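Working notes, structure below.
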Amino acid sequence: LGRDRLVCFGGRALVSKLPNAPARAFRAYATVLTAPGVRTERLPEQTIRYYGPEVHLLDLEADQRVWRHVAPLAEPELIAPRAGHCAVALDDERMWVFGGRGDRGRYFHDAFVLRLPRPAPIDPRIDPNQKERRRLERLREPAWVAVPENGGEAPEPRCAAAAARCGDGKVCVFGGRDGTTCFGGPWLHDPRLGTWSRPAVLGAPPPNCFGHALVALPAAKVEPGAAGAFRAEVPVTR
């Protein structure tokens, strides 16, 4: 968030199911090669664990760079643990999250905003017992906020998509997959209104794909073009 804070949310790992193993004893993926006469050791039984809604925060400008565990406020089961989701910084204090895959093969197409306010003093003249002070204190606490769905067409549930924030505050999503289908795009999401739209585009689009990257060029300007198409104006260095 901004240039000085890193946020890590979600993901999955292989967790050992040995009875005496620590709860967070991770096991990495491995390839085992066997040959005649070679004795191999059986790997422990493992399971996949998904993480969330807690996050980890790293302050890059602190005197000591230490990962800090943060448990944001959230309604029960508001945001399910997941992996393969999209995450985009909206500004210095908010991170947008979309989609992903959870346990039991579930795919998501929900959108959330993680609010991570920076420390700020509250006017000491405000009475600690007043509702206004309690409201301000609550706004200073990390929290998950669901983006309201205002109807209309929306992307199918998916994981392994890519997203980037556009200059107008909207987020562009492209690609992804579920258990049977590979998707394309693009889709535009407005976090302020909770609306999705599909801009008309011209030219030969990228193939439907997943596991790719999507980057918004800092100096690019994206605006409506003729016949509802979108074009990007990118300065060229000569």
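FYI, nothing fancy with the structure tokens labels: chains A, B, ... in order, residues from 1 per chain, ligands from 1 as they appear.
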Find the residues around Val215 (chain A) up to 12 Å (only C-alpha atoms counted), leave out those fewer than 2 positions away in its own chain, and share them as a list of chain:residue names.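 Using only C-alpha atoms, the neighbours found are A:Val88, A:Ala162, A:Ala163, A:Ala164, A:Arg165, A:Cys166, A:Gly167, A:Val171, A:Cys172, A:Val173, A:Phe174, A:His212, A:Ala213, A:Leu217, A:Pro218, A:Ala219, A:Ala220.
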Residues from the last selection, N, CA and C atoms, saved as an mmCIF file, in the first residue's frame:
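Contents of part-v1.cif, as written:
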data_model
loop_
_atom_site.group_PDB
_atom_site.id
_atom_site.type_symbol
_atom_site.label_atom_id
_atom_site.label_comp_id
_atom_site.auth_asym_id
_atom_site.auth_seq_id
_atom_site.Cartn_x
_atom_site.Cartn_y
_atom_site.Cartn_z
ATOM 1 N N VAL A 88 -5.258 -5.675 -5.456
ATOM 2 C CA VAL A 88 -4.774 -4.429 -6.046
ATOM 3 C C VAL A 88 -4.872 -3.327 -4.999
ATOM 4 N N ALA A 162 -5.872 -11.942 -13.396
ATOM 5 C CA ALA A 162 -4.946 -10.843 -13.136
ATOM 6 C C ALA A 162 -5.733 -9.548 -13.122
ATOM 7 N N ALA A 163 -5.284 -8.596 -12.306
ATOM 8 C CA ALA A 163 -5.999 -7.325 -12.174
ATOM 9 C C ALA A 163 -5.004 -6.186 -12.057
ATOM 10 N N ALA A 164 -5.451 -4.998 -12.477
ATOM 11 C CA ALA A 164 -4.638 -3.791 -12.366
ATOM 12 C C ALA A 164 -5.567 -2.596 -12.175
ATOM 13 N N ARG A 165 -5.108 -1.630 -11.412
ATOM 14 C CA ARG A 165 -5.897 -0.417 -11.160
ATOM 15 C C ARG A 165 -5.690 0.580 -12.279
ATOM 16 N N CYS A 166 -6.800 1.073 -12.822
ATOM 17 C CA CYS A 166 -6.747 2.089 -13.874
ATOM 18 C C CYS A 166 -6.671 3.481 -13.253
ATOM 19 N N GLY A 167 -6.379 4.474 -14.094
ATOM 20 C CA GLY A 167 -6.210 5.828 -13.588
ATOM 21 C C GLY A 167 -7.474 6.447 -13.034
ATOM 22 N N VAL A 171 -10.899 -0.954 -11.530
ATOM 23 C CA VAL A 171 -9.953 -2.072 -11.593
ATOM 24 C C VAL A 171 -10.290 -2.923 -12.801
ATOM 25 N N CYS A 172 -9.277 -3.245 -13.581
ATOM 26 C CA CYS A 172 -9.447 -4.082 -14.771
ATOM 27 C C CYS A 172 -9.039 -5.509 -14.442
ATOM 28 N N VAL A 173 -9.881 -6.465 -14.818
ATOM 29 C CA VAL A 173 -9.616 -7.891 -14.583
ATOM 30 C C VAL A 173 -9.608 -8.607 -15.925
ATOM 31 N N PHE A 174 -8.625 -9.487 -16.098
ATOM 32 C CA PHE A 174 -8.555 -10.281 -17.325
ATOM 33 C C PHE A 174 -8.176 -11.719 -16.976
ATOM 34 N N HIS A 212 -1.290 -15.410 -15.553
ATOM 35 C CA HIS A 212 -0.536 -14.389 -16.251
ATOM 36 C C HIS A 212 -0.399 -13.149 -15.370
ATOM 37 N N ALA A 213 0.096 -12.058 -15.944
ATOM 38 C CA ALA A 213 0.238 -10.785 -15.229
ATOM 39 C C ALA A 213 -0.435 -9.683 -16.035
ATOM 40 N N LEU A 217 0.226 0.761 -17.131
ATOM 41 C CA LEU A 217 1.384 1.628 -17.304
ATOM 42 C C LEU A 217 1.130 2.962 -16.609
ATOM 43 N N PRO A 218 2.101 3.458 -15.822
ATOM 44 C CA PRO A 218 1.866 4.681 -15.030
ATOM 45 C C PRO A 218 1.468 5.880 -15.864
ATOM 46 N N ALA A 219 2.026 6.020 -17.076
ATOM 47 C CA ALA A 219 1.743 7.201 -17.883
ATOM 48 C C ALA A 219 0.682 6.945 -18.937
ATOM 49 N N ALA A 220 0.036 5.788 -18.879
ATOM 50 C CA ALA A 220 -0.958 5.458 -19.899
ATOM 51 C C ALA A 220 -2.281 6.136 -19.584
#
Contacts of region 187-192 of chain A at 12 Å (only C-alpha atoms; same-chain gap of 6+ positions) as a VMD selection string: chain A and resid 88 to 91 94 to 98 109 to 114 145 to 150 152 to 156 161 to 176 198 to 201 230
